[in-house]
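Q: Here you go, protein-v6.txt (compact mmCIF, C-alpha atoms):
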```txt
# COMPACT_ATOMS: atom_id res chain seq x y z
CA MET A 18 38.15 5.32 25.37
CA THR A 19 34.59 6.43 25.83
CA SER A 20 31.67 4.34 24.75
CA VAL A 21 28.04 5.28 24.60
CA ALA A 22 25.57 2.59 25.50
CA ARG A 23 22.71 2.06 23.10
CA PRO A 24 19.43 2.71 24.89
CA ALA A 25 17.46 -0.33 25.90
CA PRO A 26 14.49 -1.14 23.67
CA ARG A 27 11.21 0.18 25.00
CA ARG A 28 8.08 -1.74 24.17
CA LEU A 29 5.34 0.55 22.89
CA ALA A 30 2.70 -2.07 22.12
CA SER A 31 2.17 -5.77 21.75
CA PHE A 32 -1.01 -7.25 20.35
CA ALA A 33 -2.43 -9.87 18.03
CA VAL A 34 -5.01 -9.83 15.24
CA ALA A 35 -6.94 -12.78 13.86
CA SER A 36 -5.96 -13.95 10.40
CA GLU A 37 -9.00 -12.55 8.64
CA PRO A 38 -9.11 -10.35 5.54
CA GLY A 39 -9.12 -6.68 6.41
CA ASN A 40 -7.54 -7.06 9.83
CA GLU A 41 -4.44 -5.31 8.56
CA ARG A 42 -6.48 -2.14 9.16
CA LEU A 43 -6.67 -3.01 12.85
CA ALA A 44 -2.92 -3.56 12.97
CA LEU A 45 -2.02 -0.29 11.29
CA ALA A 46 -4.41 1.66 13.54
CA GLN A 47 -2.91 0.18 16.70
CA VAL A 48 0.64 0.75 15.48
CA ALA A 49 -0.21 4.35 14.63
CA GLU A 50 -1.60 4.85 18.12
CA ALA A 51 1.45 3.25 19.70
CA VAL A 52 3.95 5.47 17.89
CA ALA A 53 1.93 8.68 18.16
CA ALA A 54 4.32 10.20 20.70
CA SER A 55 7.50 8.92 19.07
CA GLY A 56 8.25 11.99 17.01
CA LEU A 57 7.70 10.33 13.68
CA ALA A 58 6.83 12.96 11.07
CA PRO A 59 3.31 12.62 9.65
CA ALA A 60 4.48 11.66 6.16
CA ARG A 61 6.76 8.97 7.58
CA LEU A 62 3.96 7.71 9.81
CA GLU A 63 1.83 7.23 6.70
CA ARG A 64 4.67 5.27 5.13
CA LEU A 65 5.02 3.07 8.21
CA LYS A 66 1.26 2.45 8.28
CA THR A 67 1.32 1.30 4.66
CA ALA A 68 4.25 -1.04 5.33
CA VAL A 69 2.59 -2.46 8.44
CA ALA A 70 -0.64 -3.06 6.54
CA GLU A 71 1.14 -4.83 3.68
CA ALA A 72 3.26 -6.98 6.00
CA THR A 73 0.23 -7.91 8.07
CA MET A 74 -1.71 -8.84 4.94
CA ASN A 75 1.15 -11.09 3.88
CA ALA A 76 1.17 -12.72 7.32
CA ILE A 77 -2.59 -13.28 7.20
CA GLU A 78 -2.80 -14.54 3.63
CA HIS A 79 0.49 -16.32 3.03
CA GLY A 80 1.86 -17.11 6.51
CA ASN A 81 -1.26 -18.18 8.35
CA ARG A 82 -3.14 -18.94 5.13
CA GLY A 83 -6.21 -17.04 6.23
CA ARG A 84 -6.99 -19.29 9.20
CA PRO A 85 -8.69 -16.96 11.68
CA GLU A 86 -7.78 -19.08 14.69
CA ILE A 87 -4.08 -18.44 14.06
CA PRO A 88 -3.09 -14.97 15.24
CA VAL A 89 -0.68 -12.53 13.70
CA ASP A 90 1.44 -11.08 16.48
CA VAL A 91 2.56 -7.47 16.30
CA GLU A 92 5.14 -5.92 18.57
CA VAL A 93 6.19 -2.28 18.48
CA THR A 94 9.38 -1.15 20.19
CA GLN A 95 11.51 1.97 20.21
CA GLU A 96 15.27 1.72 20.41
CA GLY A 97 16.82 5.16 20.38
CA ASP A 98 15.43 6.85 17.28
CA ASP A 99 14.42 3.55 15.72
CA ILE A 100 10.78 2.53 15.68
CA ILE A 101 10.72 -1.22 15.15
CA VAL A 102 7.59 -3.14 14.23
CA ALA A 103 7.83 -6.93 14.25
CA ILE A 104 4.99 -8.83 12.57
CA THR A 105 4.97 -12.57 13.15
CA ASP A 106 2.95 -15.38 11.62
CA LEU A 107 3.15 -19.11 12.21
CA GLY A 108 3.82 -20.08 8.63
CA GLY A 109 7.38 -21.20 9.25
CA GLU A 110 9.97 -20.62 6.61
CA HIS A 111 8.28 -19.35 3.48
CA ALA A 112 9.19 -16.97 0.76
CA LEU A 113 7.57 -13.60 0.90
CA PRO A 114 5.00 -13.33 -1.86
CA GLY A 115 5.66 -11.23 -4.86
CA PRO A 116 7.49 -11.48 -8.11
CA VAL A 117 11.20 -12.18 -8.13
CA GLU A 118 11.67 -9.26 -10.46
CA GLU A 119 10.75 -5.72 -9.53
CA PRO A 120 7.19 -4.86 -10.46
CA ASP A 121 7.22 -2.84 -13.65
CA LEU A 122 4.12 -0.94 -14.65
CA LEU A 123 4.97 -1.04 -18.34
CA LEU A 124 5.33 -4.83 -18.27
CA LYS A 125 2.07 -5.09 -16.37
CA LEU A 126 0.30 -2.97 -18.96
CA GLU A 127 1.72 -5.19 -21.69
CA GLY A 128 0.51 -8.31 -19.88
CA GLU A 129 3.99 -9.59 -19.15
CA GLN A 130 3.54 -9.24 -15.38
CA ARG A 131 0.37 -9.74 -13.41
CA ALA A 132 -1.45 -6.60 -12.28
CA ARG A 133 -0.93 -7.39 -8.61
CA GLY A 134 2.38 -8.07 -6.88
CA TRP A 135 3.08 -4.64 -5.41
CA GLY A 136 3.08 -5.59 -1.71
CA LEU A 137 6.71 -6.42 -1.09
CA PHE A 138 7.78 -3.54 -3.31
CA LEU A 139 5.73 -1.14 -1.22
CA ILE A 140 7.08 -2.48 2.07
CA ARG A 141 10.69 -2.14 0.93
CA ASN A 142 10.18 1.39 -0.27
CA MET A 143 8.13 2.65 2.66
CA VAL A 144 10.49 1.90 5.54
CA ASP A 145 14.16 2.53 6.28
CA ALA A 146 14.97 -1.14 6.74
CA MET A 147 13.28 -4.51 6.49
CA GLN A 148 14.50 -7.82 7.82
CA VAL A 149 13.00 -11.30 7.80
CA ARG A 150 13.77 -14.09 10.21
CA THR A 151 12.35 -17.51 10.88
CA ASP A 152 12.53 -19.30 14.19
CA GLY A 153 10.91 -22.70 13.83
CA VAL A 154 7.33 -22.06 12.81
CA ARG A 155 7.46 -18.38 13.68
CA HIS A 156 8.14 -16.17 10.68
CA THR A 157 8.80 -12.52 11.44
CA ILE A 158 9.14 -9.48 9.24
CA GLN A 159 10.75 -6.58 11.05
CA LEU A 160 10.24 -3.04 9.86
CA THR A 161 12.43 -0.19 11.05
CA MET A 162 11.62 3.48 10.74
CA ARG A 163 13.86 6.15 12.17
CA ALA A 164 12.07 8.93 13.97
CA GLY A 165 13.39 12.45 13.66
CA THR A 166 14.89 12.04 10.21
CA ALA A 167 13.74 13.47 6.94
CA ALA A 168 11.69 11.30 4.66
CA ALA A 169 13.79 9.24 2.32
CA PRO A 170 13.40 10.23 -1.32
CA VAL A 171 11.17 8.10 -3.44
CA SER A 172 13.25 5.57 -5.29
CA GLN A 173 12.36 3.09 -7.98
CA THR A 174 14.70 0.57 -6.50
CA GLY A 175 14.51 1.81 -2.91
CA GLY A 176 15.81 -0.61 -0.58
CA SER A 177 15.98 -2.45 2.57
CA GLN A 178 19.01 -2.42 4.72
CA GLY A 179 19.89 -4.49 7.64
CA GLY A 180 22.66 -6.23 9.33
CA GLY A 181 23.65 -9.06 11.56
CA ASP A 182 22.95 -12.61 10.62
CA GLU A 183 19.36 -12.02 9.72
CA GLU A 184 18.10 -12.42 6.23
CA ASP A 185 17.69 -9.18 4.39
CA VAL A 186 15.06 -9.14 1.69
CA MET B 23 -14.46 -7.27 7.24
CA ASP B 24 -15.64 -9.19 4.21
CA GLY B 25 -16.71 -7.50 1.00
CA PRO B 26 -15.77 -4.19 -0.50
CA MET B 27 -16.09 -1.18 1.77
CA VAL B 28 -16.27 1.30 -1.05
CA THR B 29 -18.76 3.12 -3.22
CA MET B 30 -18.03 4.43 -6.69
CA GLY B 31 -20.59 6.82 -8.09
CA VAL B 32 -20.37 7.81 -11.74
CA ARG B 33 -21.06 11.28 -13.14
CA HIS B 34 -21.16 11.89 -16.89
CA LEU B 35 -19.95 15.39 -17.70
CA GLY B 36 -20.50 16.26 -21.29
CA GLY B 37 -20.41 13.63 -23.94
CA GLN B 38 -17.03 12.10 -23.47
CA VAL B 39 -15.94 12.69 -19.89
CA ALA B 40 -17.02 10.73 -16.83
CA VAL B 41 -15.99 11.16 -13.20
CA VAL B 42 -15.89 8.21 -10.81
CA ASP B 43 -16.29 9.34 -7.19
CA ILE B 44 -14.43 6.83 -5.03
CA LYS B 45 -15.38 6.74 -1.35
CA GLY B 46 -13.92 4.25 1.09
CA GLU B 47 -11.30 1.55 0.67
CA VAL B 48 -9.64 0.50 -2.57
CA THR B 49 -8.48 -3.08 -2.14
CA ALA B 50 -8.63 -6.29 -4.18
CA ALA B 51 -12.12 -6.80 -2.76
CA CYS B 52 -13.38 -3.74 -4.64
CA GLU B 53 -12.84 -5.27 -8.08
CA PRO B 54 -16.54 -5.86 -8.86
CA VAL B 55 -17.44 -2.33 -7.74
CA LEU B 56 -14.61 -0.76 -9.71
CA MET B 57 -15.33 -2.71 -12.87
CA SER B 58 -19.05 -2.00 -12.59
CA ALA B 59 -18.27 1.70 -12.27
CA TYR B 60 -15.95 1.45 -15.25
CA GLU B 61 -18.65 -0.17 -17.37
CA GLU B 62 -21.11 2.53 -16.37
CA ALA B 63 -18.61 5.32 -16.97
CA GLY B 64 -17.22 3.99 -20.20
CA GLY B 65 -20.33 2.67 -21.82
CA LEU B 66 -21.48 5.83 -23.57
CA GLY B 67 -18.51 6.50 -25.76
CA THR B 68 -16.52 8.07 -22.97
CA SER B 69 -13.01 8.90 -24.06
CA ARG B 70 -11.72 10.14 -20.72
CA LEU B 71 -12.30 8.84 -17.20
CA VAL B 72 -11.49 10.99 -14.18
CA LEU B 73 -11.03 9.17 -10.87
CA ASN B 74 -11.94 11.27 -7.83
CA PHE B 75 -9.93 10.00 -4.86
CA ALA B 76 -11.01 12.76 -2.46
CA GLY B 77 -13.05 10.24 -0.49
CA LEU B 78 -10.33 7.60 -0.41
CA GLU B 79 -9.75 6.28 3.09
CA TYR B 80 -7.33 3.47 2.40
CA MET B 81 -5.66 1.77 -0.55
CA ASN B 82 -3.40 -1.25 -0.41
CA SER B 83 -1.32 -3.20 -2.92
CA GLY B 84 -4.39 -5.14 -4.02
CA GLY B 85 -6.11 -1.86 -4.77
CA ILE B 86 -3.13 -0.70 -6.79
CA GLY B 87 -3.43 -3.92 -8.75
CA MET B 88 -7.07 -3.08 -9.43
CA ILE B 89 -6.08 0.35 -10.73
CA VAL B 90 -3.56 -1.34 -13.03
CA THR B 91 -6.29 -3.67 -14.29
CA LEU B 92 -8.52 -0.67 -14.93
CA LEU B 93 -5.68 1.01 -16.78
CA VAL B 94 -5.21 -2.05 -19.00
CA ARG B 95 -8.90 -2.01 -19.88
CA ALA B 96 -8.91 1.72 -20.55
CA ASN B 97 -5.84 1.43 -22.77
CA ARG B 98 -7.55 -1.28 -24.81
CA GLN B 99 -10.51 1.06 -25.36
CA ARG B 100 -8.18 3.96 -26.11
CA GLN B 101 -9.56 5.85 -23.14
CA GLN B 102 -7.49 8.25 -21.06
CA LEU B 103 -7.41 8.09 -17.28
CA ALA B 104 -6.94 11.09 -15.01
CA ALA B 105 -7.16 11.45 -11.24
CA TYR B 106 -7.52 14.09 -8.55
CA GLY B 107 -8.02 14.27 -4.81
CA LEU B 108 -5.09 12.04 -3.91
CA SER B 109 -3.46 12.73 -0.55
CA ASP B 110 0.26 13.44 -0.50
CA HIS B 111 0.88 9.86 0.66
CA TYR B 112 -1.06 8.20 -2.13
CA ARG B 113 0.35 10.63 -4.64
CA GLU B 114 3.78 9.44 -3.51
CA ILE B 115 2.68 5.84 -4.03
CA PHE B 116 1.45 6.70 -7.53
CA GLU B 117 4.90 8.17 -8.21
CA LEU B 118 6.68 5.16 -6.72
CA THR B 119 4.69 2.72 -8.83
CA ARG B 120 4.87 5.06 -11.83
CA LEU B 121 1.10 5.09 -12.09
CA ASP B 122 1.43 8.87 -12.32
CA GLU B 123 3.06 8.42 -15.73
CA ALA B 124 0.01 6.60 -17.05
CA ILE B 125 -2.70 8.44 -15.13
CA THR B 126 -2.48 12.23 -15.23
CA ILE B 127 -2.87 13.59 -11.70
CA TYR B 128 -4.53 16.92 -10.94
CA ASP B 129 -5.03 18.86 -7.73
CA ASP B 130 -8.79 19.22 -8.05
CA GLU B 131 -11.77 18.46 -10.25
CA ALA B 132 -11.72 21.82 -12.01
CA SER B 133 -8.14 21.25 -13.11
CA ALA B 134 -8.89 17.67 -14.08
CA LEU B 135 -11.82 18.74 -16.24
CA VAL B 136 -9.80 21.50 -17.90
CA GLY B 137 -7.13 18.91 -18.55
CA ALA B 138 -9.78 16.59 -19.84
CA ALA B 139 -10.89 19.18 -22.32
CA THR B 140 -7.44 19.69 -23.81
```
Show me, as structure tokens, the structure contained in the file I just sent.
A:
Amino acid sequence: MTSVARPAPRRLASFAVASEPGNERLALAQVAEAVAASGLAPARLERLKTAVAEATMNAIEHGNRGRPEIPVDVEVTQEGDDIIVAITDLGGEHALPGPVEEPDLLLKLEGEQRARGWGLFLIRNMVDAMQVRTDGVRHTIQLTMRAGTAAAPVSQTGGSQGGGDEEDV
Amino acid sequence: MDGPMVTMGVRHLGGQVAVVDIKGEVTAACEPVLMSAYEEAGGLGTSRLVLNFAGLEYMNSGGIGMIVTLLVRANRQRQQLAAYGLSDHYREIFELTRLDEAITIYDDEASALVGAAT
């Protein structure tokens, strides 16, 4: 029986940003630079950048509660065709912000949902997989984007996929 | 990075159409700028607002929320919203959020104005 070893993860970047409004722009720019040579198609890079920005905003605002002295850590690795971005705050176990129900524009226009609340929805629909894990105070959202594959079709319900014993959101 | 990093200039074209030229970042922080532009654009009996996103550099979920708020206000005033200049990525996000069903999207200003006249 022949087995093929999965390639070892290769770290592309590791950095931190202060928990200040707007610093998600710094994170997405550094992630974009880190994955520039990964073969990710331009449209999928834009999707990854949006997901990184939204996840970093969540970490800044809801995980670290906007305290600038607490960093948001960002690590970018490549494992085979998978680009993996892990965004970690020190907020411990906390629910990701956003409505329990899917955001629905019609309900928002009728005043039955608040106008905001698109962040988690965007993250889920922008990347191929999303996982959340908590290790003590460290709360990590992991985004996976496969390089070299066609863009996934836009889906109203889109979805995260994952495996193992981590919590899928 | 405090404060809105966006400008929104308003052009009145004809009696009932106004174009809002958006340049910079559309985030939750831009609410006062967006609503000020809306007041300026909609204050003269405007029935149709055209949002020009050609100068858009970045929009996040907070910015989408602002667009929804603008849409609620426009609906209350029975005003139509149209848009042009969106990149493929933000056009995809408009489709994903279904904003494209409430805001007619055009490729360019000429098309948006023709659409506005129909």
Q: Give me the residues within 7 Å of range 154-168 of chain A as a list in words, counting all atoms listed in the file and dropping any in the same chain fewer than 4 places off.
A: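 Everything that qualifies: Ser55, Gly56, Leu57, Arg61, Asp98, Asp99, Ile100, Ile101, Val102, Ala103, Ile104, Thr105, Asp106, Leu107, Gly108, Gly109, Glu110, Val144, Asp145, Ala146, Met147, Gln148, Val149 and Arg150 of chain A.
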Q: Please check the contacts: residues of chain A at most 10 Å away from chain B, using all atoms listed in the file, listed as a PyMOL selection string.
A: chain A and resi 37-42+59-64+67-68+70-71+74+120-123+125-128+131-140+142-143+170-175
Q: Of the candidates B:Gln99, B:Cys52, B:Ile125, B:Ser69, which shows the shortest atom-to-atom distance to Arg113 in chain B, using only C-alpha atoms?
A: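 Result for the nearest residue to Arg113 in chain B: B:Ile125.
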Q: Between B:Arg100, B:Thr29, B:Glu79, B:Leu73, which is the closest to Tyr128 in chain B once you count all atoms listed in the file?
A: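 Between B:Arg100, B:Thr29, B:Glu79, B:Leu73, the residue approaching Tyr128 in chain B most closely is B:Leu73.
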Q: From the list B:Leu135, B:Ala40, B:Gly46, B:Arg70, which residue is nearest Val28 in chain B when using all atoms listed in the file?
A: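 Ranking B:Leu135, B:Ala40, B:Gly46, B:Arg70 by distance to Val28 in chain B, first place goes to B:Gly46.
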Q: Between CA of Asn81 in chain A and CA of Val48 in chain B, what is the spacing in Å?
A: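 Value for the CA of Val48 in chain B-CA of Asn81 in chain A distance: 23.2 Å.
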Q: Set the distance at 10 Å and use all atoms listed in the file: which residues neighbour Gly77 in chain B once local chain neighbours fewer than 5 positions away are removed? I'd like the list as a PyMOL selection string.
A: chain B and resi 28-30+43-47+107-109
